[in-house]
$ cat structure17.txt   # compact mmCIF, C-alpha atoms and all ligand atoms
# COMPACT_ATOMS: atom_id res chain seq x y z
CA MET A 1 -16.45 11.58 18.14
CA LEU A 2 -13.63 13.77 19.37
CA LEU A 3 -10.20 12.07 19.32
CA LEU A 4 -7.61 13.61 21.65
CA ALA A 5 -3.86 13.03 22.00
CA ARG A 6 -0.64 14.74 23.07
CA TYR A 7 0.28 15.05 19.39
CA VAL A 8 -1.81 15.36 16.25
CA LEU A 9 0.14 14.97 13.00
CA PRO A 10 -1.94 16.22 10.07
CA ILE A 11 1.14 15.58 7.79
CA SER A 12 0.02 18.36 5.43
CA SER A 13 0.83 20.91 8.16
CA VAL A 14 2.94 21.11 11.34
CA HIS A 15 2.00 18.92 14.29
CA ILE A 16 -0.30 20.18 17.03
CA GLU A 17 0.51 19.61 20.70
CA ASN A 18 -2.45 18.61 22.85
CA GLY A 19 -4.50 18.28 19.72
CA ALA A 20 -7.87 16.90 18.68
CA VAL A 21 -9.63 15.57 15.60
CA LEU A 22 -13.40 15.73 15.23
CA VAL A 23 -14.87 12.76 13.33
CA GLN A 24 -18.47 12.83 12.16
CA ASP A 25 -20.18 10.54 9.64
CA GLY A 26 -16.87 8.99 8.59
CA LYS A 27 -15.27 12.32 7.79
CA ILE A 28 -12.83 14.68 9.46
CA GLU A 29 -14.83 17.76 10.46
CA ALA A 30 -12.21 19.65 12.49
CA VAL A 31 -8.52 19.46 13.43
CA GLY A 32 -7.10 21.71 16.14
CA GLU A 33 -6.21 22.21 19.77
CA ALA A 34 -8.00 19.94 22.22
CA ALA A 35 -8.97 22.82 24.52
CA GLU A 36 -10.69 24.66 21.69
CA LEU A 37 -12.46 21.70 20.09
CA THR A 38 -13.77 20.36 23.43
CA ARG A 39 -15.17 23.86 24.12
CA LEU A 40 -16.77 24.10 20.65
CA TYR A 41 -18.21 20.58 20.71
CA PRO A 42 -19.17 19.95 24.38
CA ASP A 43 -21.64 17.14 23.56
CA GLU A 44 -19.25 15.02 21.46
CA GLU A 45 -18.13 11.65 22.78
CA ILE A 46 -14.40 11.86 23.67
CA ARG A 47 -11.63 9.27 23.15
CA ASP A 48 -8.43 10.52 24.80
CA PHE A 49 -5.33 8.52 23.79
CA GLY A 50 -3.05 10.40 26.22
CA VAL A 51 0.67 10.44 25.38
CA ALA A 52 0.18 9.26 21.83
CA ALA A 53 0.19 10.50 18.25
CA LEU A 54 -2.94 10.74 16.12
CA MET A 55 -2.09 10.64 12.44
CA PRO A 56 -3.53 9.51 9.11
CA GLY A 57 -3.51 5.73 8.61
CA PHE A 58 -0.58 4.35 6.69
CA VAL A 59 -1.09 4.04 2.94
CA ASP A 60 0.85 0.94 1.93
CA ALA A 61 1.84 1.40 -1.71
CA HIS A 62 2.62 -2.26 -2.37
CA THR A 63 1.42 -5.50 -0.78
CA HIS A 64 0.71 -9.15 -1.59
CA LEU A 65 -1.53 -9.97 1.37
CA GLU A 66 -2.39 -13.42 0.05
CA TYR A 67 1.23 -14.56 0.60
CA THR A 68 1.07 -13.94 4.36
CA ILE A 69 0.99 -17.61 5.26
CA LEU A 70 4.41 -18.00 3.60
CA ARG A 71 6.08 -15.78 6.20
CA GLY A 72 9.31 -17.30 7.43
CA LEU A 73 9.06 -20.25 5.06
CA ILE A 74 11.43 -19.16 2.28
CA ASN A 75 14.10 -17.39 4.27
CA ASP A 76 17.75 -16.67 3.57
CA LEU A 77 17.50 -16.92 -0.19
CA PRO A 78 18.43 -14.25 -2.74
CA TYR A 79 15.73 -12.88 -5.03
CA VAL A 80 15.74 -15.38 -7.91
CA ASP A 81 15.93 -18.50 -5.74
CA TRP A 82 13.29 -17.00 -3.44
CA LYS A 83 11.04 -16.28 -6.43
CA PHE A 84 11.36 -19.78 -7.87
CA ALA A 85 10.77 -21.36 -4.44
CA LEU A 86 7.68 -19.14 -4.08
CA VAL A 87 6.29 -20.36 -7.41
CA GLU A 88 6.77 -23.96 -6.25
CA LYS A 89 4.96 -23.33 -2.93
CA GLU A 90 2.09 -21.52 -4.69
CA LYS A 91 1.24 -24.70 -6.55
CA LEU A 92 0.21 -26.24 -3.21
CA PHE A 93 -2.39 -23.53 -2.44
CA THR A 94 -6.11 -24.27 -2.62
CA GLN A 95 -8.57 -21.39 -3.08
CA GLU A 96 -9.41 -21.66 0.62
CA ASP A 97 -5.71 -21.31 1.45
CA TRP A 98 -5.49 -18.10 -0.59
CA GLU A 99 -8.57 -16.72 1.19
CA ASP A 100 -7.33 -17.47 4.72
CA SER A 101 -3.79 -16.33 3.96
CA ALA A 102 -5.10 -12.99 2.65
CA LEU A 103 -7.41 -12.61 5.64
CA LEU A 104 -4.46 -13.11 7.98
CA GLY A 105 -2.57 -10.47 5.98
CA ALA A 106 -5.43 -7.98 6.10
CA LEU A 107 -5.70 -8.38 9.89
CA ASP A 108 -1.94 -7.86 10.21
CA ALA A 109 -2.19 -4.73 8.06
CA GLY A 110 -5.03 -3.27 10.14
CA ARG A 111 -3.28 -3.87 13.43
CA SER A 112 -0.12 -2.27 11.99
CA GLY A 113 -1.96 0.98 11.35
CA ILE A 114 -2.44 0.49 7.63
CA THR A 115 -5.76 1.82 6.39
CA THR A 116 -5.15 1.59 2.62
CA VAL A 117 -3.21 -1.01 0.65
CA ALA A 118 -2.26 -1.24 -3.00
CA ASP A 119 -2.37 -4.99 -3.41
CA ILE A 120 -1.52 -7.30 -6.29
CA THR A 121 -3.52 -10.54 -6.48
CA GLU A 122 -4.43 -13.12 -9.06
CA SER A 123 -6.80 -15.17 -6.91
CA GLY A 124 -8.83 -12.17 -5.70
CA ALA A 125 -8.45 -13.35 -2.11
CA SER A 126 -6.98 -10.07 -0.92
CA PHE A 127 -9.91 -8.15 -2.45
CA ARG A 128 -12.33 -10.21 -0.40
CA ALA A 129 -10.13 -9.98 2.72
CA LEU A 130 -10.10 -6.17 2.50
CA LYS A 131 -13.88 -6.20 2.33
CA THR A 132 -14.17 -8.54 5.31
CA VAL A 133 -11.77 -6.54 7.48
CA GLY A 134 -12.99 -3.13 6.29
CA LEU A 135 -9.76 -1.79 4.82
CA ARG A 136 -9.48 0.56 1.89
CA GLY A 137 -7.53 -0.64 -1.10
CA ILE A 138 -6.55 -0.54 -4.71
CA VAL A 139 -6.57 -4.14 -5.86
CA TYR A 140 -4.66 -4.94 -9.04
CA ARG A 141 -5.59 -8.18 -10.85
CA GLU A 142 -2.29 -9.78 -11.86
CA VAL A 143 -2.14 -11.23 -15.36
CA GLY A 144 0.64 -12.58 -17.53
CA THR A 145 1.99 -15.36 -19.65
CA MET A 146 5.12 -15.89 -21.66
CA GLU A 147 3.18 -17.82 -24.32
CA ARG A 148 1.84 -15.70 -27.17
CA SER A 149 -0.96 -18.19 -27.82
CA GLU A 150 -2.29 -17.70 -24.28
CA VAL A 151 -2.32 -13.90 -24.24
CA ASP A 152 -5.96 -13.42 -25.27
CA SER A 153 -7.35 -16.05 -22.92
CA VAL A 154 -5.45 -14.89 -19.81
CA LEU A 155 -6.46 -11.29 -20.50
CA ASP A 156 -10.11 -12.22 -20.99
CA ALA A 157 -10.09 -14.01 -17.64
CA ALA A 158 -8.51 -10.97 -15.97
CA TYR A 159 -11.02 -8.54 -17.51
CA ALA A 160 -13.90 -10.76 -16.34
CA ASP A 161 -12.54 -10.78 -12.78
CA ILE A 162 -12.05 -7.01 -12.86
CA ALA A 163 -15.67 -6.48 -13.96
CA GLN A 164 -16.93 -8.77 -11.22
CA TRP A 165 -14.78 -7.25 -8.47
CA ARG A 166 -15.87 -3.77 -9.52
CA ALA A 167 -19.48 -4.82 -9.13
CA GLU A 168 -18.74 -6.23 -5.66
CA ALA A 169 -16.42 -3.47 -4.36
CA GLY A 170 -17.48 -1.41 -1.38
CA GLU A 171 -18.42 2.09 -2.52
CA GLY A 172 -15.25 4.21 -2.27
CA PHE A 173 -13.45 1.47 -0.35
CA GLN A 174 -11.91 -0.71 -3.05
CA ARG A 175 -10.79 0.35 -6.48
CA ILE A 176 -9.85 -2.29 -9.05
CA GLY A 177 -6.84 -2.14 -11.35
CA ILE A 178 -4.63 -4.47 -13.35
CA ALA A 179 -1.03 -5.68 -12.93
CA PRO A 180 0.99 -7.30 -15.71
CA SER A 181 3.42 -9.98 -14.46
CA PRO A 182 7.08 -9.07 -14.01
CA LEU A 183 8.99 -8.38 -17.23
CA TYR A 184 10.85 -11.70 -17.20
CA SER A 185 7.59 -13.67 -17.16
CA CYS A 186 5.28 -11.64 -19.40
CA HIS A 187 4.82 -11.61 -23.17
CA PRO A 188 5.08 -8.03 -24.48
CA LEU A 189 1.63 -8.33 -26.10
CA VAL A 190 0.17 -8.41 -22.57
CA PHE A 191 1.74 -5.01 -21.90
CA GLN A 192 0.37 -3.69 -25.18
CA HIS A 193 -3.17 -4.84 -24.46
CA ILE A 194 -3.07 -3.45 -20.92
CA ALA A 195 -1.85 -0.12 -22.30
CA ASP A 196 -5.10 0.10 -24.31
CA PHE A 197 -7.32 -1.27 -21.54
CA ALA A 198 -6.02 1.22 -18.97
CA GLN A 199 -6.44 4.34 -21.09
CA ASP A 200 -9.66 5.01 -19.17
CA GLY A 201 -7.67 5.61 -15.96
CA THR A 202 -7.76 2.03 -14.67
CA PRO A 203 -4.89 1.80 -12.14
CA VAL A 204 -1.91 -0.23 -13.39
CA ALA A 205 0.85 -1.65 -11.17
CA VAL A 206 3.98 -3.31 -12.50
CA HIS A 207 7.09 -4.69 -10.81
CA LEU A 208 9.93 -2.93 -12.61
CA ALA A 209 13.74 -3.03 -12.43
CA GLY A 210 13.70 -4.68 -9.02
CA SER A 211 16.61 -7.08 -9.17
CA ARG A 212 19.99 -7.12 -10.87
CA GLU A 213 19.04 -10.48 -12.37
CA GLU A 214 15.95 -8.97 -14.03
CA TYR A 215 18.09 -6.14 -15.41
CA GLU A 216 20.67 -8.55 -16.82
CA PHE A 217 18.04 -10.86 -18.25
CA ILE A 218 16.23 -8.06 -20.09
CA ARG A 219 19.38 -6.34 -21.26
CA TYR A 220 21.81 -9.20 -21.90
CA GLY A 221 19.62 -12.32 -21.91
CA SER A 222 21.83 -13.77 -19.22
CA SER A 223 21.22 -14.33 -15.50
CA PRO A 224 19.51 -17.11 -13.54
CA PHE A 225 16.26 -16.39 -15.46
CA SER A 226 17.78 -17.82 -18.65
CA VAL A 227 16.63 -21.28 -19.79
CA PRO A 228 19.84 -23.25 -19.10
CA SER A 229 20.14 -21.77 -15.63
CA VAL A 230 16.53 -22.56 -14.66
CA GLU A 231 16.92 -26.13 -15.91
CA GLU A 232 20.27 -26.50 -14.14
CA ARG A 233 18.73 -25.44 -10.85
CA GLY A 234 16.07 -28.12 -11.20
CA TYR A 235 13.04 -25.86 -11.02
CA GLY A 236 9.95 -27.12 -12.79
CA ILE A 237 9.31 -23.76 -14.42
CA ASP A 238 8.99 -23.16 -18.15
CA MET A 239 11.13 -20.24 -19.22
CA PRO A 240 10.86 -19.77 -22.99
CA PRO A 241 13.92 -18.74 -25.01
CA TRP A 242 14.65 -15.04 -24.71
CA LEU A 243 16.61 -12.67 -26.93
CA ALA A 244 18.64 -9.96 -25.27
CA THR A 245 17.03 -6.56 -25.81
CA GLY A 246 20.13 -4.44 -25.19
CA VAL A 247 18.19 -1.93 -23.09
CA SER A 248 17.27 -1.43 -19.45
CA PRO A 249 13.98 -2.79 -18.07
CA VAL A 250 12.47 0.73 -18.04
CA ARG A 251 13.34 1.35 -21.68
CA TYR A 252 12.18 -2.14 -22.63
CA ILE A 253 8.71 -1.72 -21.15
CA LEU A 254 8.43 1.78 -22.63
CA ASN A 255 8.32 0.13 -26.07
CA TRP A 256 5.04 -1.53 -25.20
CA GLY A 257 3.13 1.59 -24.20
CA VAL A 258 2.00 0.50 -20.78
CA LEU A 259 3.82 3.34 -18.99
CA ASP A 260 1.82 5.79 -21.10
CA ALA A 261 -1.44 4.80 -19.36
CA PRO A 262 -2.66 7.65 -17.13
CA ASN A 263 -2.38 5.91 -13.73
CA VAL A 264 0.71 3.70 -13.45
CA LEU A 265 2.54 2.56 -10.32
CA ALA A 266 6.00 1.05 -10.86
CA ILE A 267 7.21 -1.11 -8.01
CA HIS A 268 10.88 -1.19 -6.88
CA CYS A 269 12.79 0.76 -9.59
CA VAL A 270 16.09 -0.19 -7.96
CA HIS A 271 18.12 -0.67 -11.14
CA VAL A 272 17.37 2.62 -12.89
CA ASP A 273 19.77 5.21 -14.30
CA ASP A 274 19.25 8.95 -14.78
CA ASP A 275 17.74 8.44 -18.23
CA ASP A 276 15.29 5.84 -16.89
CA ILE A 277 14.27 8.25 -14.12
CA SER A 278 13.64 11.07 -16.60
CA LYS A 279 11.51 8.74 -18.72
CA LEU A 280 9.45 7.88 -15.62
CA VAL A 281 9.13 11.58 -14.78
CA ASP A 282 7.99 12.39 -18.35
CA ARG A 283 5.12 9.93 -17.99
CA ASP A 284 4.30 10.84 -14.37
CA VAL A 285 4.74 7.21 -13.33
CA ALA A 286 4.42 6.78 -9.55
CA ILE A 287 6.90 4.62 -7.63
CA ALA A 288 6.51 2.17 -4.72
CA ILE A 289 9.74 1.79 -2.75
CA CYS A 290 10.08 -1.47 -0.80
CA SER A 291 13.33 -1.11 1.13
CA ARG A 292 12.87 -4.02 3.53
CA CYS A 293 12.00 -6.52 0.78
CA ASN A 294 14.86 -5.26 -1.39
CA ALA A 295 17.29 -5.63 1.51
CA GLN A 296 15.95 -9.02 2.61
CA LEU A 297 16.32 -10.51 -0.89
CA GLY A 298 19.57 -8.76 -1.78
CA MET A 299 17.99 -6.80 -4.63
CA GLY A 300 19.83 -3.51 -4.11
CA VAL A 301 18.82 -0.01 -3.02
CA ALA A 302 16.52 2.29 -4.97
CA PRO A 303 17.91 5.80 -5.61
CA LEU A 304 15.23 7.42 -3.46
CA SER A 305 16.83 10.86 -3.03
CA LYS A 306 17.43 11.14 -6.75
CA MET A 307 13.87 10.13 -7.56
CA LEU A 308 12.44 12.57 -5.01
CA LYS A 309 14.57 15.36 -6.46
CA ALA A 310 13.35 14.46 -9.95
CA GLY A 311 9.79 15.06 -8.73
CA LEU A 312 8.45 11.52 -8.94
CA ARG A 313 5.41 10.62 -6.81
CA ILE A 314 6.65 8.01 -4.33
CA GLY A 315 5.16 5.88 -1.55
CA LEU A 316 6.54 3.15 0.69
CA GLY A 317 5.38 -0.44 0.24
CA THR A 318 5.78 -3.36 2.65
CA ASP A 319 5.67 -5.87 -0.25
CA SER A 320 5.28 -9.61 0.19
CA PRO A 321 5.21 -11.15 3.68
CA ALA A 322 6.83 -14.16 1.96
CA ALA A 323 9.94 -11.94 1.89
CA THR A 324 9.52 -9.56 4.83
CA ASP A 325 7.49 -11.79 7.20
CA THR A 326 5.35 -8.90 8.47
CA THR A 327 3.24 -6.17 6.96
CA ASP A 328 4.88 -3.46 9.01
CA PRO A 329 5.00 0.17 7.83
CA ILE A 330 6.92 1.35 10.90
CA ALA A 331 9.74 -1.11 10.22
CA GLU A 332 9.60 -0.02 6.57
CA MET A 333 10.07 3.65 7.48
CA ARG A 334 12.91 3.02 9.93
CA LEU A 335 14.83 0.63 7.72
CA GLY A 336 14.24 2.78 4.64
CA LEU A 337 15.62 5.83 6.41
CA LEU A 338 18.69 4.00 7.73
CA ILE A 339 19.48 2.37 4.38
CA GLN A 340 19.28 5.68 2.55
CA ARG A 341 21.49 7.41 5.11
CA SER A 342 23.92 4.47 5.08
CA LEU A 343 24.58 5.06 1.40
CA GLY A 344 26.40 8.25 2.36
CA THR A 345 26.08 9.55 -1.19
CA GLY A 346 26.19 13.16 -0.06
CA GLU A 347 22.76 13.65 -1.56
CA ASP A 348 19.81 14.69 0.57
CA PHE A 349 19.89 13.49 4.16
CA LEU A 350 16.27 12.40 4.50
CA SER A 351 14.42 13.19 7.73
CA ALA A 352 12.10 11.04 9.82
CA ALA A 353 9.25 13.41 8.95
CA GLN A 354 9.90 12.77 5.24
CA PHE A 355 9.55 9.03 5.80
CA VAL A 356 6.30 9.48 7.74
CA ARG A 357 5.06 11.51 4.78
CA LEU A 358 6.25 8.84 2.30
CA ALA A 359 4.17 6.30 4.24
CA THR A 360 1.02 8.45 4.28
CA LEU A 361 0.33 11.52 2.13
CA ASP A 362 3.05 10.88 -0.47
CA ALA A 363 1.82 7.30 -0.89
CA ALA A 364 -1.74 8.58 -1.30
CA GLU A 365 -0.48 10.93 -4.03
CA ALA A 366 1.35 8.03 -5.69
CA LEU A 367 -1.93 6.11 -5.77
CA ASP A 368 -3.94 9.16 -6.87
CA ILE A 369 -6.21 9.06 -3.80
CA GLU A 370 -4.83 12.09 -1.95
CA ASP A 371 -8.07 14.01 -2.44
CA TYR A 372 -9.72 11.92 0.24
CA VAL A 373 -7.06 10.18 2.37
CA GLY A 374 -3.39 10.52 3.40
CA SER A 375 -3.60 13.49 5.79
CA LEU A 376 -5.76 14.85 8.57
CA GLU A 377 -7.62 17.65 6.83
CA VAL A 378 -11.17 18.86 7.12
CA GLY A 379 -13.32 17.15 4.49
CA LYS A 380 -11.08 14.10 4.09
CA LEU A 381 -12.25 10.66 5.14
CA ALA A 382 -11.55 9.66 8.75
CA ASP A 383 -8.77 7.09 8.15
CA ILE A 384 -6.93 7.72 11.41
CA ILE A 385 -4.57 5.81 13.70
CA ALA A 386 -3.25 6.34 17.22
CA ILE A 387 0.33 5.37 18.12
CA ASP A 388 1.24 5.16 21.80
CA LEU A 389 4.30 7.18 22.84
CA SER A 390 4.10 6.70 26.60
CA SER A 391 6.51 3.79 27.19
CA SER A 392 9.90 3.96 28.86
CA ASN A 393 11.66 3.69 25.50
CA GLN A 394 9.78 6.73 24.21
CA VAL A 395 9.58 9.26 27.04
CA PRO A 396 10.54 12.09 26.75
CA THR A 397 9.30 12.84 23.26
CA LEU A 398 10.07 16.12 21.57
CA ASP A 399 9.48 15.45 17.89
CA PRO A 400 6.61 12.99 17.31
CA ALA A 401 7.66 12.09 13.73
CA SER A 402 11.15 11.21 14.91
CA ALA A 403 9.70 9.24 17.86
CA ILE A 404 7.39 7.27 15.56
CA VAL A 405 10.18 6.31 13.16
CA ASN A 406 12.94 5.72 15.71
CA THR A 407 11.32 4.45 18.91
CA THR A 408 8.03 2.73 18.11
CA THR A 409 7.07 -0.71 16.81
CA LYS A 410 3.81 -1.90 15.30
CA GLU A 411 2.84 -3.02 18.82
CA ASP A 412 2.51 0.66 19.71
CA VAL A 413 -0.33 1.14 17.23
CA ILE A 414 -3.29 1.23 19.59
CA MET A 415 -6.16 2.20 17.30
CA THR A 416 -6.93 1.94 13.59
CA MET A 417 -9.97 3.66 12.13
CA VAL A 418 -11.19 3.55 8.52
CA GLN A 419 -13.84 6.05 7.49
CA GLY A 420 -14.82 6.68 11.11
CA LYS A 421 -15.13 2.99 11.97
CA ILE A 422 -12.66 1.49 14.45
CA LEU A 423 -11.16 -1.76 13.11
CA TYR A 424 -8.50 -2.35 15.74
CA ASP A 425 -8.62 -1.15 19.31
CA ARG A 426 -5.88 -1.80 21.91
CA GLY A 427 -5.13 -5.40 20.97
CA LYS A 428 -8.58 -6.31 19.70
CA HIS A 429 -9.68 -6.77 16.11
CA VAL A 430 -13.16 -5.32 15.93
CA PRO A 431 -14.56 -7.14 12.84
CA ALA A 432 -16.14 -10.46 13.78
CA ILE A 433 -13.28 -12.72 12.67
CA ASP A 434 -13.05 -16.19 14.16
CA TRP A 435 -9.42 -15.87 15.22
CA SER A 436 -9.05 -19.38 16.66
CA ARG A 437 -10.28 -20.88 13.37
CA LEU A 438 -7.86 -18.71 11.40
CA ALA A 439 -4.90 -19.54 13.67
CA ALA A 440 -5.69 -23.26 13.36
CA ARG A 441 -5.91 -22.94 9.58
CA ALA A 442 -2.56 -21.12 9.54
CA HIS A 443 -0.88 -24.03 11.34
CA GLU A 444 -2.58 -26.54 9.05
CA MET A 445 -1.41 -24.67 5.94
CA ARG A 446 2.09 -24.36 7.32
CA LEU A 447 2.35 -28.12 7.80
CA LYS A 448 1.22 -28.70 4.24
CA LEU A 449 3.64 -26.13 2.82
CA LEU A 450 6.54 -27.57 4.78
CA GLY A 451 5.83 -31.06 3.50
ZN ZN B 1 5.74 -7.23 -5.07
$ encode --input "structure17.txt" --output "structure tokens"
Amino acid sequence: MLLLARYVLPISSVHIENGAVLVQDGKIEAVGEAAELTRLYPDEEIRDFGVAALMPGFVDAHTHLEYTILRGLINDLPYVDWKFALVEKEKLFTQEDWEDSALLGALDAGRSGITTVADITESGASFRALKTVGLRGIVYREVGTMERSEVDSVLDAAYADIAQWRAEAGEGFQRIGIAPSPLYSCHPLVFQHIADFAQDGTPVAVHLAGSREEYEFIRYGSSPFSVPSVEERGYGIDMPPWLATGVSPVRYILNWGVLDAPNVLAIHCVHVDDDDISKLVDRDVAIAICSRCNAQLGMGVAPLSKMLKAGLRIGLGTDSPAATDTTDPIAEMRLGLLIQRSLGTGEDFLSAAQFVRLATLDAAEALDIEDYVGSLEVGKLADIIAIDLSSSNQVPTLDPASAIVNTTTKEDVIMTMVQGKILYDRGKHVPAIDWSRLAARAHEMRLKLLG
């Protein structure tokens, strides 16, 4: 199939006007000018998207698709209260709820132009949703406990799930990793065991230095995570006694070896200093930046320019729909760009093109999958999207990257293709999902969660 559009953005090279991408057997076989490729391949079926941009699908470096049903339910709360409220709501979920919530999230991701997610799940629902919808993903099995006596049993359960999911994963489509719980809810022995387990290259994802409260809890033992505070707030959550460590979250977790595993993704890294950043650089830890979630929950702003300058591998993540409501990489790029520029630190003034790259090729590099996705290059897999640029709020368009970041919304994504297969096409989800059943289930779950 020959895909044509006014703009083709390979990301790894400059954009092509009136460009084309040749897709055969799920792979990209040619990228170039439409006039030339239509002449060279006269028998190919043509899809012409007109005034639109063809680009690699978004690689979302951090999601929790199974929380999609919680969108809009825990609003207007700062991070710690939001987190505790989330834990309370989770207790009401049945396995079927997790499955349908994740399916809703995977559909939202596909229609938003996301072709790969890096998702954290304990239930495994998002793994199955990715398979159903046909999305690519790295799925990290979350595991953690604060109780030393439970460490072996929770890890054994996680390793069993990982083995099973690996056996069930679509060839090349889903890769399975492991995710220790956040630092304030995880016994250090869990980190130590995962450090050993992941020496074989198993992907590891860990929420790290996201909120000021986490930083203060790890360093000073204070903050709303401390036992008296949790009890005072009336949450039914067991927080064991905790001794202040005197160090930052990054330096704390370094003690337990997990950052020394070969393939580690640290999520957030908002509360990091120069020394923390150099420690992350030394270990080639990749970073997922989640600007919209951080802003929504009042967590702070990650030092993105500094981290880019330091040479860290970085991708954008949409994070939990329980915080951001939508799995929307375009909103993530625009807000991320504006927040960074708003800081006015005098450091690098990041461009729209840099944010498009952070949401595609850079994110693929952060996840160590850039050899086969993240850009439109001959030999890579055909994970491609089309974004319409023909509306009154977009015309005239000079720079497609700037137009995508500044003038489009997820509604402008008109086609999503994974490995040559179209999953979303001008308002229609192609996989055979019973949408009316899912919408009815969403309302049913919402009533239960409100109650
Ligand atoms: Zn998260």
$ atom_distance --input "structure17.txt" --atom1 "CA of Met445 in chain A" --atom2 "CA of Leu70 in chain A"
9.2 Å
$ residues_around --input "structure17.txt" --residues "Phe349 in chain A" --least-positions-apart "5" --cutoff "12 Å" --atoms "only C-alpha atoms" --output "PDB file with C-alpha atoms, in the coordinates of the input"
ATOM      1  CA  LEU A 304      15.230   7.420  -3.460  1.00  0.00           C
ATOM      2  CA  SER A 305      16.830  10.860  -3.030  1.00  0.00           C
ATOM      3  CA  LYS A 306      17.430  11.140  -6.750  1.00  0.00           C
ATOM      4  CA  LEU A 308      12.440  12.570  -5.010  1.00  0.00           C
ATOM      5  CA  LEU A 337      15.620   5.830   6.410  1.00  0.00           C
ATOM      6  CA  LEU A 338      18.690   4.000   7.730  1.00  0.00           C
ATOM      7  CA  ILE A 339      19.480   2.370   4.380  1.00  0.00           C
ATOM      8  CA  GLN A 340      19.280   5.680   2.550  1.00  0.00           C
ATOM      9  CA  ARG A 341      21.490   7.410   5.110  1.00  0.00           C
ATOM     10  CA  SER A 342      23.920   4.470   5.080  1.00  0.00           C
ATOM     11  CA  LEU A 343      24.580   5.060   1.400  1.00  0.00           C
ATOM     12  CA  GLY A 344      26.400   8.250   2.360  1.00  0.00           C
ATOM     13  CA  GLN A 354       9.900  12.770   5.240  1.00  0.00           C
ATOM     14  CA  PHE A 355       9.550   9.030   5.800  1.00  0.00           C
TER      15      PHE A 355
END
$ residues_around --input "structure17.txt" --residues "range 239-250 of chain A" --least-positions-apart "4" --cutoff "7 Å" --atoms "only C-alpha atoms" --output "list in words"
Leu208, Ala209, Tyr215, Ile218, Arg219, Tyr220, Gly221, Val227, Leu254 and Asp276 of chain A
$ residues_near_ligand --input "structure17.txt" --ligand "ligand ZN 1 (chain B)" --cutoff "9 Å" --atoms "all atoms listed in the file" --output "VMD selection string"
chain A and resid 62 to 64 119 to 120 206 to 207 267 to 268 290 293 317 to 320
$ write_last_selection --input "structure17.txt" --atoms "C-alpha atoms" --output "PDB file, in the coordinates of the input"
ATOM      1  CA  HIS A  62       2.620  -2.260  -2.370  1.00  0.00           C
ATOM      2  CA  THR A  63       1.420  -5.500  -0.780  1.00  0.00           C
ATOM      3  CA  HIS A  64       0.710  -9.150  -1.590  1.00  0.00           C
ATOM      4  CA  ASP A 119      -2.370  -4.990  -3.410  1.00  0.00           C
ATOM      5  CA  ILE A 120      -1.520  -7.300  -6.290  1.00  0.00           C
ATOM      6  CA  VAL A 206       3.980  -3.310 -12.500  1.00  0.00           C
ATOM      7  CA  HIS A 207       7.090  -4.690 -10.810  1.00  0.00           C
ATOM      8  CA  ILE A 267       7.210  -1.110  -8.010  1.00  0.00           C
ATOM      9  CA  HIS A 268      10.880  -1.190  -6.880  1.00  0.00           C
ATOM     10  CA  CYS A 290      10.080  -1.470  -0.800  1.00  0.00           C
ATOM     11  CA  CYS A 293      12.000  -6.520   0.780  1.00  0.00           C
ATOM     12  CA  GLY A 317       5.380  -0.440   0.240  1.00  0.00           C
ATOM     13  CA  THR A 318       5.780  -3.360   2.650  1.00  0.00           C
ATOM     14  CA  ASP A 319       5.670  -5.870  -0.250  1.00  0.00           C
ATOM     15  CA  SER A 320       5.280  -9.610   0.190  1.00  0.00           C
TER      16      SER A 320
END
$ residues_around --input "structure17.txt" --residues "Glu214 in chain A" --least-positions-apart "3" --cutoff "8 Å" --atoms "all atoms listed in the file" --output "list in words"
Leu183, Tyr184, Ala209, Gly210, Ser211, Phe217, Ile218, Ser223, Phe225 and Pro249 of chain A
$ atom_distance --input "structure17.txt" --atom1 "CA of Lys91 in chain A" --atom2 "CA of Gly144 in chain A"
16.4 Å
$ closest_residue --input "structure17.txt" --among "A:Ala160, A:Leu450, A:Ile138, A:Ala85" --to "Thr202 in chain A" --atoms "all atoms listed in the file"
A:Ile138
$ residues_near_point --input "structure17.txt" --point "(-6.8, -1.7, 8.6)" --cutoff "7 Å" --atoms "all atoms listed in the file" --output "list of chain:residue names"
A:Ala106, A:Leu107, A:Ala109, A:Gly110, A:Arg111, A:Gly113, A:Ile114, A:Thr115, A:Gly134, A:Leu135, A:Thr416, A:Val418, A:Leu423
$ residues_around --input "structure17.txt" --residues "Ala366 in chain A" --least-positions-apart "2" --cutoff "7 Å" --atoms "only C-alpha atoms" --output "compact mmCIF listing (two decimals) with C-alpha atoms, keeping the file's coordinate frame"
# COMPACT_ATOMS: atom_id res chain seq x y z
CA ALA A 286 4.42 6.78 -9.55
CA ILE A 287 6.90 4.62 -7.63
CA ARG A 313 5.41 10.62 -6.81
CA ILE A 314 6.65 8.01 -4.33
CA GLY A 315 5.16 5.88 -1.55
CA ASP A 362 3.05 10.88 -0.47
CA ALA A 363 1.82 7.30 -0.89
CA ALA A 364 -1.74 8.58 -1.30
CA ASP A 368 -3.94 9.16 -6.87
$ closest_residue --input "structure17.txt" --among "A:Gly124, A:Pro188, A:Pro10, A:Gly374" --to "Gln95 in chain A" --atoms "all atoms listed in the file"
A:Gly124
$ closest_residue --input "structure17.txt" --among "A:Leu376, A:Val356, A:Ala386, A:Leu2" --to "Asp412 in chain A" --atoms "only C-alpha atoms"
A:Ala386
$ residues_around --input "structure17.txt" --residues "range 45-50 of chain A" --least-positions-apart "4" --cutoff "6 Å" --atoms "only C-alpha atoms" --output "ChimeraX atom specification"
/A:1-6
